[in-house]
$ cat final_19.tsv   # TSV, C-alpha atoms
chain	number	residue	atom	x	y	z
A	1	MET	CA	97.89	93.06	81.54
A	2	VAL	CA	97.54	92.55	85.30
A	3	THR	CA	96.13	89.09	85.82
A	4	ASP	CA	95.88	88.99	89.61
A	5	ILE	CA	93.84	91.27	91.89
A	6	GLN	CA	96.64	90.86	94.44
A	7	GLU	CA	98.88	92.99	92.18
A	8	VAL	CA	96.30	95.79	92.32
A	9	ALA	CA	95.96	95.46	96.11
A	10	ASP	CA	99.75	95.58	96.51
A	11	CYS	CA	99.93	98.70	94.37
A	12	LEU	CA	97.20	100.39	96.43
A	13	ASP	CA	99.04	99.47	99.64
A	14	ARG	CA	102.27	100.94	98.27
A	15	THR	CA	100.61	104.24	97.37
A	16	GLY	CA	99.21	104.51	100.89
A	17	LEU	CA	96.65	107.19	100.16
A	18	GLN	CA	94.27	107.29	97.24
A	19	PHE	CA	91.70	109.82	96.10
A	20	MET	CA	88.16	108.61	95.39
A	21	ALA	CA	85.67	110.49	93.26
A	22	THR	CA	81.93	110.09	93.66
A	23	ILE	CA	78.95	111.90	92.21
A	24	GLY	CA	77.77	114.35	94.86
A	25	LEU	CA	74.16	114.69	95.91
A	26	ASP	CA	74.23	118.00	94.01
A	27	GLY	CA	75.26	116.16	90.81
A	28	ARG	CA	78.82	117.49	90.88
A	29	PRO	CA	81.96	115.37	91.32
A	30	LYS	CA	83.39	115.07	94.83
A	31	VAL	CA	86.92	113.87	95.56
A	32	ARG	CA	88.32	112.88	98.93
A	33	PRO	CA	91.27	110.93	100.32
A	34	VAL	CA	90.65	107.29	101.15
A	35	GLN	CA	92.79	104.32	101.99
A	36	PHE	CA	92.49	100.85	100.52
A	37	MET	CA	92.00	98.55	103.46
A	38	VAL	CA	92.09	94.82	102.70
A	39	LEU	CA	91.86	92.19	100.00
A	40	GLU	CA	89.47	89.46	101.08
A	41	ASP	CA	87.73	86.82	98.94
A	42	GLY	CA	89.26	88.39	95.82
A	43	ARG	CA	87.67	91.76	96.59
A	44	LEU	CA	89.20	95.18	97.31
A	45	TRP	CA	87.58	96.49	100.51
A	46	PHE	CA	87.30	100.05	101.83
A	47	CYS	CA	85.37	101.61	104.69
A	48	THR	CA	83.48	104.78	105.51
A	49	ASN	CA	81.11	106.25	108.07
A	50	SER	CA	77.36	106.14	107.50
A	51	GLU	CA	77.06	109.79	108.55
A	52	LYS	CA	79.49	111.05	105.90
A	53	SER	CA	78.30	112.55	102.65
A	54	MET	CA	80.40	109.97	100.77
A	55	TYR	CA	78.17	107.21	102.12
A	56	ALA	CA	74.97	109.01	101.03
A	57	GLU	CA	76.47	109.74	97.61
A	58	MET	CA	77.44	106.11	97.08
A	59	GLN	CA	73.99	104.93	98.15
A	60	LYS	CA	72.48	107.12	95.44
A	61	SER	CA	75.11	106.48	92.76
A	62	PRO	CA	77.51	103.61	93.57
A	63	TYR	CA	80.07	104.33	90.85
A	64	ILE	CA	83.50	105.63	91.78
A	65	GLU	CA	86.83	106.54	90.26
A	66	LEU	CA	89.98	106.13	92.28
A	67	CYS	CA	93.51	107.37	91.69
A	68	GLY	CA	96.58	106.94	93.86
A	69	SER	CA	100.29	107.61	93.80
A	70	ARG	CA	103.23	108.21	96.09
A	71	LEU	CA	105.88	110.50	94.64
A	72	GLN	CA	109.31	108.85	94.51
A	73	ASP	CA	112.74	110.47	94.64
A	74	ASP	CA	113.06	109.52	90.96
A	75	GLU	CA	109.86	111.38	90.02
A	76	ILE	CA	109.69	110.17	86.46
A	77	ARG	CA	109.46	106.54	87.63
A	78	THR	CA	106.68	107.29	90.13
A	79	LEU	CA	103.94	104.68	89.88
A	80	TRP	CA	100.30	105.73	89.79
A	81	ILE	CA	97.10	103.72	89.61
A	82	ARG	CA	93.66	104.66	88.37
A	83	LEU	CA	90.48	102.61	88.37
A	84	SER	CA	86.72	102.79	87.88
A	85	ALA	CA	84.28	100.49	89.64
A	86	GLY	CA	80.96	100.04	91.32
A	87	ALA	CA	80.79	100.03	95.12
A	88	VAL	CA	78.86	97.31	96.94
A	89	PHE	CA	78.11	97.82	100.63
A	90	GLU	CA	77.91	94.65	102.67
A	91	GLU	CA	77.71	93.91	106.38
A	92	ASN	CA	80.82	91.79	106.80
A	93	ARG	CA	82.15	91.45	110.35
A	94	LYS	CA	85.24	89.51	109.26
A	95	VAL	CA	86.28	92.33	106.91
A	96	LYS	CA	85.60	94.93	109.62
A	97	GLU	CA	87.86	92.99	112.00
A	98	MET	CA	90.59	92.78	109.34
A	99	ILE	CA	90.32	96.53	108.70
A	100	MET	CA	90.58	97.28	112.42
A	101	GLU	CA	93.65	95.09	112.66
A	102	LYS	CA	95.28	96.99	109.79
A	103	SER	CA	94.28	100.57	110.58
A	104	ALA	CA	95.03	102.32	113.85
A	105	ILE	CA	92.81	105.25	112.91
A	106	VAL	CA	89.80	102.99	112.21
A	107	ARG	CA	90.39	101.20	115.54
A	108	GLU	CA	90.47	104.53	117.35
A	109	LEU	CA	87.52	106.15	115.56
A	110	TYR	CA	85.24	103.17	116.09
A	111	ARG	CA	86.57	102.26	119.57
A	112	ASN	CA	87.94	98.94	118.33
A	113	ASN	CA	84.36	97.76	117.82
A	114	PRO	CA	83.67	96.05	114.47
A	115	ASP	CA	79.96	96.20	115.32
A	116	HIS	CA	79.98	100.01	115.62
A	117	PRO	CA	76.77	101.15	113.86
A	118	LEU	CA	78.49	103.95	111.89
A	119	LEU	CA	81.23	101.74	110.39
A	120	LYS	CA	80.33	100.66	106.86
A	121	VAL	CA	82.44	98.53	104.53
A	122	PHE	CA	82.24	98.17	100.78
A	123	TYR	CA	84.04	96.31	98.03
A	124	LEU	CA	84.58	97.21	94.39
A	125	LYS	CA	83.06	95.28	91.50
A	126	GLY	CA	83.36	95.66	87.75
A	127	ILE	CA	86.84	97.11	88.14
A	128	THR	CA	88.68	98.51	85.12
A	129	GLY	CA	91.89	100.45	85.37
A	130	SER	CA	95.58	100.80	84.75
A	131	MET	CA	98.94	101.20	86.42
A	132	ASN	CA	101.42	103.60	84.90
A	133	ASN	CA	104.37	105.81	85.74
A	134	LEU	CA	104.84	109.54	85.32
A	135	GLY	CA	107.48	109.03	82.63
A	136	HIS	CA	105.13	107.43	80.12
A	137	VAL	CA	103.04	110.17	78.57
A	138	THR	CA	100.88	109.51	75.53
A	139	GLY	CA	102.04	111.52	72.54
A	140	LEU	CA	105.63	111.88	73.73
A	141	GLN	CA	108.57	109.81	72.57
A	142	ASP	CA	108.58	106.33	74.09
A	143	ARG	CA	111.69	105.44	76.02
A	144	ASP	CA	112.71	101.90	76.87
A	145	ASP	CA	113.41	102.85	80.49
A	146	PHE	CA	109.81	104.02	81.10
A	147	ALA	CA	107.26	101.40	82.06
A	148	LYS	CA	104.33	101.07	79.72
A	149	PRO	CA	100.76	101.29	81.06
A	150	VAL	CA	99.45	98.03	82.49
A	151	SER	CA	95.70	97.54	82.18
A	152	PHE	CA	93.46	95.39	84.35
A	153	ARG	CA	89.84	94.31	84.56
A	154	PHE	CA	88.12	92.31	87.27
A	155	ASP	CA	84.43	91.52	87.58
$ encode --input "final_19.tsv" --output "structure tokens"
Amino acid sequence: MVTDIQEVADCLDRTGLQFMATIGLDGRPKVRPVQFMVLEDGRLWFCTNSEKSMYAEMQKSPYIELCGSRLQDDEIRTLWIRLSAGAVFEENRKVKEMIMEKSAIVRELYRNNPDHPLLKVFYLKGITGSMNNLGHVTGLQDRDDFAKPVSFRFD
């Protein structure tokens, strides 16, 4: 069991790119690439643009699923993470500044202005998930050299 949200944040940073699913305005699932930005006050923070459909979808239904991985040379040991959570949008200038410091693309898109009206930040609450590797597959023979799934839950 993961006992520290920092472990989850570190895993998300290592994967680099994650894929977030939302419920579209048409009621169908939508998946798009996102990047975990920062851990602040024990919360996992992300950002988006208020003119994107993702923002409108999350305003209507704030529940997301997220999955991320970065394929390794030793494919079978490749780590992946999956989580479910609720998204909470909050005007937080400090977090926006931290995100701009971390992400060159966010700095460029929003002209290095944390007060840009289109930049929206959100954190995840009620997080449940797991970390695993591609070598551990339910129903197949367990091997000692494959990591077992590690579950986590954070309110």
$ closest_residue --input "final_19.tsv" --among "A:Asn113, A:Thr22, A:Ser84, A:Thr48" --to "Pro62 of chain A" --atoms "all atoms listed in the file"
A:Thr22
$ atom_distance --input "final_19.tsv" --atom1 "atom CA of Ile76 of chain A" --atom2 "atom CA of Ala9 of chain A"
22.3 Å
$ closest_residue --input "final_19.tsv" --among "A:Ser53, A:Thr15, A:Asn112, A:Ser103" --to "Arg32 of chain A" --atoms "all atoms listed in the file"
A:Ser53
$ residues_near_point --input "final_19.tsv" --point "(90.4, 111.5, 100.4)" --cutoff "8 Å" --atoms "all atoms listed in the file" --output "VMD selection string"
chain A and resid 17 to 20 31 to 35
$ closest_residue --input "final_19.tsv" --among "A:Gln6, A:Glu108, A:Glu101, A:Lys120" --to "Ala56 of chain A" --atoms "only C-alpha atoms"
A:Lys120
$ atom_distance --input "final_19.tsv" --atom1 "atom CA of Asp155 of chain A" --atom2 "atom CA of Ser130 of chain A"
14.8 Å
